[in-house]
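Have a look at start13.pdb; it's PDB, C-alpha atoms and all ligand atoms:
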ATOM      1  CA  MET A   1     -22.291-193.777 -21.917
ATOM      2  CA  SER A   2     -22.148-190.411 -20.252
ATOM      3  CA  ALA A   3     -20.213-187.414 -21.484
ATOM      4  CA  ARG A   4     -20.833-184.575 -19.105
ATOM      5  CA  ILE A   5     -18.476-182.180 -20.766
ATOM      6  CA  GLU A   6     -18.976-178.933 -18.910
ATOM      7  CA  THR A   7     -20.178-177.887 -15.532
ATOM      8  CA  ALA A   8     -22.873-175.238 -15.322
ATOM      9  CA  GLY A   9     -20.202-172.721 -14.394
ATOM     10  CA  ALA A  10     -17.980-173.615 -17.328
ATOM     11  CA  ALA A  11     -20.936-173.509 -19.692
ATOM     12  CA  ALA A  12     -21.390-169.852 -18.847
ATOM     13  CA  ALA A  13     -18.040-169.188 -20.448
ATOM     14  CA  THR A  14     -17.913-168.746 -24.208
ATOM     15  CA  CYS A  15     -17.991-171.934 -26.234
ATOM     16  CA  GLY A  16     -15.867-172.448 -29.337
ATOM     17  CA  ALA A  17     -18.488-171.159 -31.716
ATOM     18  CA  CYS A  18     -19.893-168.380 -29.567
ATOM     19  CA  SER A  19     -19.054-164.763 -29.022
ATOM     20  CA  SER A  20     -19.038-163.242 -25.552
ATOM     21  CA  SER A  21     -22.667-162.224 -26.107
ATOM     22  CA  CYS A  22     -23.695-165.860 -25.552
ATOM     23  CA  ASN A  23     -25.291-165.629 -22.106
ATOM     24  CA  THR A  24     -26.282-169.187 -21.340
ATOM     25  CA  SER A  25     -25.544-169.415 -17.637
ATOM     26  CA  GLN A  26     -28.394-171.855 -16.994
ATOM     27  CA  LEU A  27     -27.190-174.212 -19.707
ATOM     28  CA  THR A  28     -25.213-177.365 -19.027
ATOM     29  CA  ARG A  29     -24.137-179.187 -22.153
ATOM     30  CA  LEU A  30     -24.481-182.913 -21.565
ATOM     31  CA  GLY A  31     -22.990-184.233 -24.798
ATOM     32  CA  ILE A  32     -24.204-187.759 -25.441
ATOM     33  CA  LYS A  33     -25.516-188.482 -21.949
ATOM     34  CA  SER A  34     -28.797-190.197 -22.536
ATOM     35  CA  GLY A  35     -31.860-191.385 -20.675
ATOM     36  CA  GLY A  36     -34.163-189.789 -18.156
ATOM     37  CA  TRP A  37     -34.914-186.592 -20.023
ATOM     38  CA  ASP A  38     -37.868-184.355 -19.294
ATOM     39  CA  TYR A  39     -38.398-183.109 -22.846
ATOM     40  CA  VAL A  40     -37.448-184.080 -26.393
ATOM     41  CA  VAL A  41     -36.629-181.222 -28.772
ATOM     42  CA  ALA A  42     -36.350-181.704 -32.545
ATOM     43  CA  LEU A  43     -34.343-179.447 -34.869
ATOM     44  CA  MET A  44     -36.126-179.229 -38.178
ATOM     45  CA  GLY A  45     -35.562-176.907 -41.124
ATOM     46  CA  ASN A  46     -34.497-176.401 -44.720
ATOM     47  CA  PRO A  47     -30.991-177.649 -45.581
ATOM     48  CA  ASN A  48     -28.053-175.416 -44.594
ATOM     49  CA  THR A  49     -29.949-173.203 -42.149
ATOM     50  CA  GLY A  50     -27.714-173.871 -39.117
ATOM     51  CA  LYS A  51     -29.526-176.753 -37.373
ATOM     52  CA  SER A  52     -26.324-178.639 -36.563
ATOM     53  CA  THR A  53     -24.626-175.404 -35.454
ATOM     54  CA  ILE A  54     -27.434-174.907 -32.903
ATOM     55  CA  PHE A  55     -27.275-178.599 -31.924
ATOM     56  CA  ASN A  56     -23.526-178.361 -31.297
ATOM     57  CA  SER A  57     -23.750-175.169 -29.282
ATOM     58  CA  LEU A  58     -26.433-176.616 -26.987
ATOM     59  CA  THR A  59     -25.114-180.165 -26.571
ATOM     60  CA  GLY A  60     -21.369-179.570 -26.853
ATOM     61  CA  LEU A  61     -21.128-182.275 -29.519
ATOM     62  CA  ARG A  62     -19.540-181.987 -32.958
ATOM     63  CA  GLN A  63     -22.175-182.797 -35.488
ATOM     64  CA  HIS A  64     -20.922-182.164 -39.019
ATOM     65  CA  VAL A  65     -21.283-178.517 -40.063
ATOM     66  CA  GLY A  66     -20.363-177.057 -43.450
ATOM     67  CA  ASN A  67     -21.534-174.596 -46.010
ATOM     68  CA  TRP A  68     -23.453-176.880 -48.313
ATOM     69  CA  PRO A  69     -26.847-178.546 -48.000
ATOM     70  CA  GLY A  70     -27.339-182.201 -47.141
ATOM     71  CA  LYS A  71     -24.569-182.739 -44.582
ATOM     72  CA  THR A  72     -26.774-184.251 -41.918
ATOM     73  CA  VAL A  73     -28.133-187.498 -43.323
ATOM     74  CA  ALA A  74     -29.386-189.297 -40.229
ATOM     75  CA  ARG A  75     -30.858-188.404 -36.897
ATOM     76  CA  ALA A  76     -28.288-187.311 -34.289
ATOM     77  CA  GLU A  77     -29.044-187.083 -30.595
ATOM     78  CA  GLY A  78     -27.501-185.175 -27.712
ATOM     79  CA  ALA A  79     -28.622-183.608 -24.454
ATOM     80  CA  PHE A  80     -28.435-180.513 -22.304
ATOM     81  CA  ASN A  81     -29.739-179.277 -18.985
ATOM     82  CA  TYR A  82     -31.562-175.987 -18.767
ATOM     83  CA  ASN A  83     -33.434-174.492 -15.865
ATOM     84  CA  ASN A  84     -33.089-177.748 -13.905
ATOM     85  CA  LYS A  85     -34.631-179.820 -16.673
ATOM     86  CA  LYS A  86     -33.013-182.300 -18.992
ATOM     87  CA  PHE A  87     -33.656-181.926 -22.696
ATOM     88  CA  LYS A  88     -32.849-184.527 -25.321
ATOM     89  CA  MET A  89     -32.062-182.760 -28.579
ATOM     90  CA  VAL A  90     -32.465-184.410 -31.970
ATOM     91  CA  ASP A  91     -30.689-182.913 -34.993
ATOM     92  CA  LEU A  92     -32.465-183.846 -38.213
ATOM     93  CA  PRO A  93     -31.470-183.796 -41.879
ATOM     94  CA  GLY A  94     -32.544-180.686 -43.774
ATOM     95  CA  THR A  95     -35.797-180.890 -45.673
ATOM     96  CA  TYR A  96     -37.815-178.537 -47.850
ATOM     97  CA  SER A  97     -41.150-180.192 -47.207
ATOM     98  CA  LEU A  98     -43.003-182.719 -45.094
ATOM     99  CA  LEU A  99     -43.984-184.278 -48.423
ATOM    100  CA  SER A 100     -40.531-185.760 -48.522
ATOM    101  CA  THR A 101     -38.852-187.280 -51.525
ATOM    102  CA  SER A 102     -35.460-188.506 -50.304
ATOM    103  CA  VAL A 103     -34.497-190.922 -47.545
ATOM    104  CA  ASP A 104     -32.883-188.117 -45.491
ATOM    105  CA  GLU A 105     -36.025-186.048 -45.772
ATOM    106  CA  GLU A 106     -38.101-189.020 -44.653
ATOM    107  CA  VAL A 107     -35.959-189.364 -41.513
ATOM    108  CA  ALA A 108     -36.743-185.738 -40.618
ATOM    109  CA  ARG A 109     -40.401-185.966 -41.549
ATOM    110  CA  ASP A 110     -41.003-189.223 -39.672
ATOM    111  CA  PHE A 111     -39.415-187.968 -36.488
ATOM    112  CA  VAL A 112     -41.379-184.752 -36.343
ATOM    113  CA  LEU A 113     -44.627-186.474 -37.306
ATOM    114  CA  PHE A 114     -44.394-189.660 -35.313
ATOM    115  CA  GLY A 115     -41.473-189.342 -32.862
ATOM    116  CA  ARG A 116     -43.550-187.195 -30.492
ATOM    117  CA  PRO A 117     -41.058-184.385 -29.821
ATOM    118  CA  ASP A 118     -42.218-182.068 -27.032
ATOM    119  CA  VAL A 119     -40.941-179.044 -28.935
ATOM    120  CA  THR A 120     -39.978-178.690 -32.590
ATOM    121  CA  ILE A 121     -37.539-175.896 -33.395
ATOM    122  CA  VAL A 122     -37.983-174.861 -37.007
ATOM    123  CA  VAL A 123     -34.698-173.275 -38.041
ATOM    124  CA  ALA A 124     -35.412-170.704 -40.743
ATOM    125  CA  ASP A 125     -32.872-168.779 -42.816
ATOM    126  CA  ALA A 126     -33.654-165.082 -42.281
ATOM    127  CA  THR A 127     -32.146-164.261 -45.690
ATOM    128  CA  ARG A 128     -34.588-166.610 -47.466
ATOM    129  CA  LEU A 129     -37.618-166.272 -45.276
ATOM    130  CA  GLU A 130     -40.296-166.735 -47.912
ATOM    131  CA  ARG A 131     -38.931-170.099 -49.006
ATOM    132  CA  ASN A 132     -38.353-171.205 -45.404
ATOM    133  CA  LEU A 133     -41.866-170.306 -44.282
ATOM    134  CA  SER A 134     -43.299-173.049 -46.475
ATOM    135  CA  LEU A 135     -41.872-175.804 -44.253
ATOM    136  CA  THR A 136     -42.616-173.718 -41.150
ATOM    137  CA  MET A 137     -46.313-173.603 -42.055
ATOM    138  CA  GLN A 138     -46.331-177.344 -42.713
ATOM    139  CA  VAL A 139     -44.799-178.040 -39.295
ATOM    140  CA  LEU A 140     -47.361-175.764 -37.623
ATOM    141  CA  GLU A 141     -50.085-177.899 -39.219
ATOM    142  CA  ILE A 142     -48.939-180.931 -37.250
ATOM    143  CA  THR A 143     -47.775-179.615 -33.898
ATOM    144  CA  ASP A 144     -48.927-177.118 -31.294
ATOM    145  CA  ARG A 145     -45.483-176.887 -29.798
ATOM    146  CA  ALA A 146     -43.019-175.134 -32.050
ATOM    147  CA  VAL A 147     -40.462-172.357 -31.896
ATOM    148  CA  VAL A 148     -39.081-170.620 -34.980
ATOM    149  CA  ALA A 149     -35.338-169.951 -34.794
ATOM    150  CA  LEU A 150     -34.804-167.098 -37.224
ATOM    151  CA  ASN A 151     -31.177-167.908 -37.884
ATOM    152  CA  LEU A 152     -28.482-166.207 -39.991
ATOM    153  CA  ILE A 153     -29.838-162.867 -38.804
ATOM    154  CA  ASP A 154     -26.285-161.491 -39.139
ATOM    155  CA  GLU A 155     -26.329-162.304 -42.871
ATOM    156  CA  ALA A 156     -29.797-160.787 -43.226
ATOM    157  CA  ARG A 157     -28.636-157.560 -41.572
ATOM    158  CA  ARG A 158     -25.537-157.481 -43.775
ATOM    159  CA  ASN A 159     -27.830-157.678 -46.803
ATOM    160  CA  GLY A 160     -30.125-154.932 -45.518
ATOM    161  CA  ILE A 161     -32.975-157.352 -44.758
ATOM    162  CA  GLU A 162     -35.056-156.421 -41.731
ATOM    163  CA  VAL A 163     -37.481-158.911 -40.244
ATOM    164  CA  ASP A 164     -40.241-157.810 -37.896
ATOM    165  CA  GLU A 165     -40.010-160.827 -35.641
ATOM    166  CA  ARG A 166     -42.805-159.665 -33.339
ATOM    167  CA  ALA A 167     -45.254-159.417 -36.223
ATOM    168  CA  LEU A 168     -44.046-162.783 -37.503
ATOM    169  CA  ALA A 169     -44.548-164.392 -34.081
ATOM    170  CA  ARG A 170     -48.045-162.913 -33.880
ATOM    171  CA  ASP A 171     -48.935-164.136 -37.370
ATOM    172  CA  LEU A 172     -47.496-167.621 -36.886
ATOM    173  CA  GLY A 173     -48.782-167.999 -33.307
ATOM    174  CA  VAL A 174     -45.479-169.350 -31.969
ATOM    175  CA  PRO A 175     -42.322-167.704 -30.575
ATOM    176  CA  VAL A 176     -39.850-166.397 -33.145
ATOM    177  CA  VAL A 177     -36.261-165.965 -31.960
ATOM    178  CA  PRO A 178     -33.842-163.986 -34.135
ATOM    179  CA  MET A 179     -30.390-165.489 -33.814
ATOM    180  CA  SER A 180     -26.958-165.976 -35.201
ATOM    181  CA  ALA A 181     -26.014-169.470 -34.102
ATOM    182  CA  ARG A 182     -22.504-169.158 -35.494
ATOM    183  CA  ARG A 183     -21.836-166.144 -33.263
ATOM    184  CA  GLY A 184     -23.805-167.493 -30.308
ATOM    185  CA  GLU A 185     -26.346-164.651 -30.501
ATOM    186  CA  GLY A 186     -29.888-165.458 -29.449
ATOM    187  CA  VAL A 187     -29.001-168.854 -27.940
ATOM    188  CA  SER A 188     -30.237-167.958 -24.443
ATOM    189  CA  GLU A 189     -33.458-166.507 -25.902
ATOM    190  CA  LEU A 190     -33.961-169.727 -27.871
ATOM    191  CA  LEU A 191     -33.474-171.828 -24.723
ATOM    192  CA  SER A 192     -35.957-169.722 -22.834
ATOM    193  CA  ALA A 193     -38.551-169.981 -25.632
ATOM    194  CA  VAL A 194     -38.094-173.767 -25.878
ATOM    195  CA  ASP A 195     -38.441-174.121 -22.105
ATOM    196  CA  ASN A 196     -41.593-171.978 -22.068
ATOM    197  CA  VAL A 197     -43.222-173.907 -24.901
ATOM    198  CA  ALA A 198     -42.203-177.284 -23.411
ATOM    199  CA  GLN A 199     -43.867-176.369 -20.108
ATOM    200  CA  GLY A 200     -46.906-174.857 -21.739
ATOM    201  CA  ALA A 201     -46.023-171.441 -20.239
ATOM    202  CA  TYR A 202     -46.181-169.865 -23.698
ATOM    203  CA  PRO A 203     -49.672-170.463 -25.084
ATOM    204  CA  THR A 204     -48.984-171.157 -28.777
ATOM    205  CA  ARG A 205     -51.735-170.719 -31.359
ATOM    206  CA  PRO A 206     -50.205-172.094 -34.551
ATOM    207  CA  ARG A 207     -51.620-170.685 -37.755
ATOM    208  CA  ARG A 208     -53.487-173.421 -39.624
ATOM    209  CA  ILE A 209     -55.077-173.619 -43.017
ATOM    210  CA  LYS A 210     -58.836-174.068 -42.803
ATOM    211  CA  TYR A 211     -60.326-176.586 -45.193
ATOM    212  CA  ARG A 212     -63.566-175.169 -46.502
ATOM    213  CA  ASP A 213     -64.572-178.200 -48.552
ATOM    214  CA  ALA A 214     -67.134-180.116 -46.501
ATOM    215  CA  LYS A 215     -66.656-183.360 -48.473
ATOM    216  CA  LEU A 216     -62.892-183.272 -47.985
ATOM    217  CA  GLU A 217     -63.327-182.509 -44.291
ATOM    218  CA  ALA A 218     -65.742-185.458 -43.894
ATOM    219  CA  ALA A 219     -63.412-187.827 -45.780
ATOM    220  CA  VAL A 220     -60.394-186.751 -43.695
ATOM    221  CA  ALA A 221     -62.312-187.095 -40.421
ATOM    222  CA  ALA A 222     -63.626-190.582 -41.322
ATOM    223  CA  LEU A 223     -60.243-191.859 -42.473
ATOM    224  CA  ALA A 224     -58.428-190.333 -39.487
ATOM    225  CA  ALA A 225     -60.835-192.089 -37.095
ATOM    226  CA  GLN A 226     -60.183-195.439 -38.826
ATOM    227  CA  LEU A 227     -56.429-194.880 -38.661
ATOM    228  CA  GLU A 228     -56.572-194.021 -34.975
ATOM    229  CA  SER A 229     -58.419-197.227 -34.145
ATOM    230  CA  ALA A 230     -56.176-199.345 -36.397
ATOM    231  CA  VAL A 231     -52.900-197.876 -35.071
ATOM    232  CA  GLY A 232     -53.357-197.168 -31.359
ATOM    233  CA  GLY A 233     -52.135-193.723 -30.294
ATOM    234  CA  LEU A 234     -51.094-192.640 -33.780
ATOM    235  CA  PRO A 235     -50.147-188.953 -33.683
ATOM    236  CA  ASN A 236     -51.188-186.763 -36.599
ATOM    237  CA  ALA A 237     -53.827-189.114 -37.978
ATOM    238  CA  ARG A 238     -55.398-186.211 -39.924
ATOM    239  CA  TRP A 239     -52.121-185.504 -41.688
ATOM    240  CA  VAL A 240     -51.750-189.196 -42.554
ATOM    241  CA  ALA A 241     -55.361-189.271 -43.819
ATOM    242  CA  LEU A 242     -54.692-186.324 -46.128
ATOM    243  CA  ARG A 243     -51.582-188.015 -47.516
ATOM    244  CA  LEU A 244     -53.508-191.240 -48.148
ATOM    245  CA  LEU A 245     -56.203-189.336 -49.997
ATOM    246  CA  GLU A 246     -53.476-187.649 -52.014
ATOM    247  CA  GLY A 247     -51.817-190.989 -52.866
ATOM    248  CA  ASP A 248     -48.489-190.513 -51.032
ATOM    249  CA  GLU A 249     -46.581-193.733 -51.890
ATOM    250  CA  SER A 250     -44.429-193.962 -48.752
ATOM    251  CA  ILE A 251     -47.382-193.480 -46.403
ATOM    252  CA  ILE A 252     -49.526-195.983 -48.332
ATOM    253  CA  ARG A 253     -46.650-198.483 -48.081
ATOM    254  CA  ALA A 254     -46.306-197.888 -44.316
ATOM    255  CA  VAL A 255     -50.042-198.481 -43.813
ATOM    256  CA  ARG A 256     -49.982-201.622 -45.994
ATOM    257  CA  ASP A 257     -46.998-203.243 -44.302
ATOM    258  CA  GLY A 258     -48.131-202.231 -40.793
ATOM    259  CA  THR A 259     -45.093-200.039 -40.042
ATOM    260  CA  LEU A 260     -46.947-196.736 -39.759
ATOM    261  CA  GLY A 261     -46.812-196.795 -35.952
ATOM    262  CA  GLU A 262     -43.063-197.463 -36.111
ATOM    263  CA  LEU A 263     -42.172-194.423 -38.194
ATOM    264  CA  GLY A 264     -40.093-191.981 -36.195
ATOM    265  CA  ARG A 265     -39.184-194.667 -33.669
ATOM    266  CA  SER A 266     -36.750-196.542 -35.897
ATOM    267  CA  ASP A 267     -33.212-196.626 -34.666
ATOM    268  CA  THR A 268     -31.676-194.344 -37.239
ATOM    269  CA  ALA A 269     -29.842-192.092 -34.814
ATOM    270  CA  VAL A 270     -26.123-191.929 -35.505
ATOM    271  CA  ASN A 271     -23.868-193.188 -32.799
ATOM    272  CA  LEU A 272     -22.755-190.002 -31.135
ATOM    273  CA  THR A 273     -19.781-191.674 -29.498
ATOM    274  CA  GLN A 274     -18.271-191.248 -32.959
ATOM    275  CA  LEU A 275     -18.945-187.515 -32.998
ATOM    276  CA  GLY A 276     -16.996-186.672 -29.875
ATOM    277  CA  ALA A 277     -17.601-183.773 -27.564
ATOM    278  CA  SER A 278     -16.024-180.367 -27.933
TER     279      SER A 278
HETATM  280  N1  LIG A 301     -23.406-166.270 -41.028
HETATM  281  C1  LIG A 301     -23.930-167.267 -40.345
HETATM  282  N2  LIG A 301     -23.630-168.528 -40.689
HETATM  283  C2  LIG A 301     -24.178-169.538 -39.982
HETATM  284  C3  LIG A 301     -25.067-169.302 -38.901
HETATM  285  N3  LIG A 301     -25.463-170.511 -38.417
HETATM  286  C4  LIG A 301     -24.827-171.434 -39.148
HETATM  287  N4  LIG A 301     -24.063-170.871 -40.091
HETATM  288  C5  LIG A 301     -23.240-171.510 -41.112
HETATM  289  O1  LIG A 301     -24.138-172.089 -42.047
HETATM  290  C6  LIG A 301     -23.574-173.283 -42.585
HETATM  291  C7  LIG A 301     -24.548-174.431 -42.401
HETATM  292  O2  LIG A 301     -24.620-174.765 -41.026
HETATM  293  P1  LIG A 301     -25.112-176.209 -40.516
HETATM  294  O3  LIG A 301     -25.244-176.101 -39.032
HETATM  295  O4  LIG A 301     -24.255-177.287 -41.048
HETATM  296  O5  LIG A 301     -26.541-176.268 -41.227
HETATM  297  P2  LIG A 301     -27.605-177.469 -41.221
HETATM  298  O6  LIG A 301     -28.944-176.833 -41.190
HETATM  299  O7  LIG A 301     -27.299-178.442 -40.132
HETATM  300  O8  LIG A 301     -27.348-178.118 -42.644
HETATM  301  P3  LIG A 301     -27.862-179.580 -43.202
HETATM  302  O9  LIG A 301     -27.526-180.605 -42.160
HETATM  303  O10 LIG A 301     -27.078-179.762 -44.464
HETATM  304  O11 LIG A 301     -29.320-179.431 -43.432
HETATM  305  C8  LIG A 301     -22.237-173.470 -41.865
HETATM  306  O12 LIG A 301     -21.212-172.929 -42.676
HETATM  307  C9  LIG A 301     -22.406-172.656 -40.590
HETATM  308  O13 LIG A 301     -21.182-172.199 -40.049
HETATM  309  C10 LIG A 301     -25.377-167.957 -38.558
HETATM  310  O14 LIG A 301     -26.156-167.655 -37.676
HETATM  311  N5  LIG A 301     -24.787-166.991 -39.337
HETATM  312 MG    MG A 302     -26.956-180.469 -40.213
END

Can you give me the file's structure in the form of structure tokens?
Amino acid sequence: MSARIETAGAAAATCGACSSSCNTSQLTRLGIKSGGWDYVVALMGNPNTGKSTIFNSLTGLRQHVGNWPGKTVARAEGAFNYNNKKFKMVDLPGTYSLLSTSVDEEVARDFVLFGRPDVTIVVADATRLERNLSLTMQVLEITDRAVVALNLIDEARRNGIEVDERALARDLGVPVVPMSARRGEGVSELLSAVDNVAQGAYPTRPRRIKYRDAKLEAAVAALAAQLESAVGGLPNARWVALRLLEGDESIIRAVRDGTLGELGRSDTAVNLTQLGAS
């Protein structure tokens, strides 16, 4: 089902959630229109950081937004056009870690690890940066294509918190976009960063932890090679190998029952016809 809700011209006007500073003239919100996209973009981040607010402002849909963590419990999908390319956008439940503990967190983890998004937007709360950088670093371990949306920058400013986003981008090796999704600030910069990373025009160099233990490195490499030959085309085999060595129950189960290759592909997306378009 197609829900082309705004023309490119109309999209340039302010949306419900945006202020007049939202300059997104190249954006066409496509609502739930699906199929034939050029890129898949995942929205990942700690709970309550504004992922669904960003999702809604880019797709025109009405994913549940509210001021408490844990509102998004399943994967939600929508689409938009930008710069003559079609992007499928996937809104994920909030999670503190890729070492997930709850079912919602597993949905987010599995999609980013195994769903092969072209770009992962890590939405970080600028008022709680230290805590949010933990997940950011974990995501940078598993993908070369990420953008950090430094959201709630209005709240940070109100609290006298200044973030040097250029230094942060240099240190993390990926674009960092300060934004206030609720006010529509930074949305066009986010779109441009996502487009650049999707096309490979922004050469990302994600910061990674170097393992200095030769035995661990050898064990991870050997196990990862076995996993890759057992599960054809498995992305992030090294990450899976590390989890197996650590004894992660859900990953061990997925290897045992042969569903490892299916993770991230399962049909857990909510039916967006029920969400409606704004
Ligand atoms: N002040 C301010 N509030 C924001 C901003 N972005 C989102 N919010 C608010 O933050 C709250 C959480 O927003 P959501 O979009 O639901 O957050 P989420 O990350 O999807 O939350 P979960 O699905 O529970 O993980 C809502 O009250 C939003 O209106 C922002 O840039 N500034
Ligand atoms: Mg949400």

Can you tell me, as AutoDock Vina command-line options, the centre and edge lengths (Å, one decimal) of the axis-aligned box enclosing all of ligand LIG 301 (chain A)'s listed atoms after padding each side by 6 Å?
--center_x -25.3 --center_y -173.4 --center_z -41.1 --size_x 20.1 --size_y 26.3 --size_z 18.8

### Task
Using the chain letters and numbers from the file, give me the residues hit by the PyMOL selection byres (((chain A and resi 202) around 12) and not hetatm), as a PyMOL selection string.
chain A and resi 119+144-147+169+173-176+192-201+203-206

### Message
Which residue is closest to Ser102 (chain A)? Choose from A:Ser250, A:Asp171, A:Leu61, A:Arg207 and count all atoms listed in the file.
### Response
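Closest residue, counting all atoms listed in the file: A:Ser250.
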
### Message
Applying 9 Å and only C-alpha atoms, which residues near Val112 (chain A) remain after dropping the ones on its own chain fewer than 3 positions away? List them as a list of chain:residue names.
### Response
A:Ala42, A:Leu43, A:Met44, A:Val107, A:Ala108, A:Arg109, A:Gly115, A:Arg116, A:Pro117, A:Thr120, A:Val139, A:Ile142, A:Thr143, A:Gly264

### Picked residues, the PyMOL selection byres (((not hetatm)) within 10 of (chain A and resi 302)), as a PyMOL selection string
chain A and resi 43-56+63-76+91-94

### Message
I'd like to see the residues matched by the PyMOL selection byres (((chain A and resi 38) around 8) and not hetatm) on this file, and ideally I'd get them as a VMD selection string.
### Response
chain A and resid 36 to 37 39 to 40 85 to 88

### Task
Go through A:Ala254, A:Val240, A:Val41, A:Ala181 one by one, measure the shortest atom-to-atom distance of each to ligand LIG 301 (chain A) using only C-alpha atoms and all ligand atoms, and give the residue with the smallest value.
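Distance minimum relative to ligand LIG 301 (chain A) lands on A:Ala181.
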
### CA of Val123 (chain A) to CA of Asp110 (chain A), distance in Å rounded to a single decimal
17.2 Å

### Task
Kindly indicate which residue among A:Arg166, A:Ala124, A:Ala221, A:Leu135 lies nearest to Ser180 (chain A), using all atoms listed in the file for the distances.
A:Ala124

### Query
With distances taken over all atoms listed in the file, which of A:Asn159, A:Ser25, A:Thr101, A:Gln138 is nearest to ligand LIG 301 (chain A)?
A:Asn159

### Task
Tell me which of A:Asp104, A:Glu130, A:Asp125, A:Glu155 sits closest to ligand LIG 301 (chain A), counting only C-alpha atoms and all ligand atoms.
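Once distances to ligand LIG 301 (chain A) are computed over only C-alpha atoms and all ligand atoms, the minimum belongs to A:Glu155.
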
Nearby residues (all atoms listed in the file) at most 12 Å from Gly258 (chain A), same-chain spacing under 6 positions excluded, as an mmCIF file with C-alpha atoms, in the frame of the given file:
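Output file around02.cif is given in full below:
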data_model
loop_
_atom_site.group_PDB
_atom_site.id
_atom_site.type_symbol
_atom_site.label_atom_id
_atom_site.label_comp_id
_atom_site.auth_asym_id
_atom_site.auth_seq_id
_atom_site.Cartn_x
_atom_site.Cartn_y
_atom_site.Cartn_z
ATOM 1 C CA LEU A 227 -56.429 -194.880 -38.661
ATOM 2 C CA ALA A 230 -56.176 -199.345 -36.397
ATOM 3 C CA VAL A 231 -52.900 -197.876 -35.071
ATOM 4 C CA GLY A 232 -53.357 -197.168 -31.359
ATOM 5 C CA ILE A 251 -47.382 -193.480 -46.403
ATOM 6 C CA ILE A 252 -49.526 -195.983 -48.332
#

Student task, region 110-122 of chain A output with N, CA and C atoms as an mmCIF file, in the first residue's frame:
data_model
loop_
_atom_site.group_PDB
_atom_site.id
_atom_site.type_symbol
_atom_site.label_atom_id
_atom_site.label_comp_id
_atom_site.auth_asym_id
_atom_site.auth_seq_id
_atom_site.Cartn_x
_atom_site.Cartn_y
_atom_site.Cartn_z
ATOM 1 N N ASP A 110 19.335 -7.261 16.770
ATOM 2 C CA ASP A 110 19.367 -8.176 15.628
ATOM 3 C C ASP A 110 19.287 -7.422 14.311
ATOM 4 N N PHE A 111 18.496 -6.346 14.292
ATOM 5 C CA PHE A 111 18.383 -5.625 13.027
ATOM 6 C C PHE A 111 19.691 -4.945 12.655
ATOM 7 N N VAL A 112 20.296 -4.300 13.619
ATOM 8 C CA VAL A 112 21.542 -3.584 13.304
ATOM 9 C C VAL A 112 22.670 -4.564 12.980
ATOM 10 N N LEU A 113 22.686 -5.696 13.668
ATOM 11 C CA LEU A 113 23.750 -6.674 13.432
ATOM 12 C C LEU A 113 23.565 -7.484 12.163
ATOM 13 N N PHE A 114 22.311 -7.899 11.929
ATOM 14 C CA PHE A 114 22.099 -8.871 10.859
ATOM 15 C C PHE A 114 21.156 -8.400 9.746
ATOM 16 N N GLY A 115 20.500 -7.254 9.937
ATOM 17 C CA GLY A 115 19.531 -6.774 8.948
ATOM 18 C C GLY A 115 20.169 -5.994 7.812
ATOM 19 N N ARG A 116 21.484 -5.826 7.878
ATOM 20 C CA ARG A 116 22.260 -5.159 6.830
ATOM 21 C C ARG A 116 21.766 -3.759 6.476
ATOM 22 N N PRO A 117 21.552 -2.889 7.477
ATOM 23 C CA PRO A 117 21.214 -1.501 7.113
ATOM 24 C C PRO A 117 22.393 -0.844 6.402
ATOM 25 N N ASP A 118 22.102 0.029 5.446
ATOM 26 C CA ASP A 118 23.179 0.746 4.750
ATOM 27 C C ASP A 118 23.773 1.821 5.639
ATOM 28 N N VAL A 119 22.918 2.442 6.450
ATOM 29 C CA VAL A 119 23.397 3.446 7.406
ATOM 30 C C VAL A 119 22.675 3.221 8.731
ATOM 31 N N THR A 120 23.424 3.294 9.827
ATOM 32 C CA THR A 120 22.793 3.241 11.149
ATOM 33 C C THR A 120 22.939 4.614 11.785
ATOM 34 N N ILE A 121 21.792 5.218 12.113
ATOM 35 C CA ILE A 121 21.832 6.494 12.850
ATOM 36 C C ILE A 121 21.788 6.131 14.327
ATOM 37 N N VAL A 122 22.831 6.512 15.056
ATOM 38 C CA VAL A 122 22.792 6.316 16.506
ATOM 39 C C VAL A 122 22.300 7.627 17.107
#
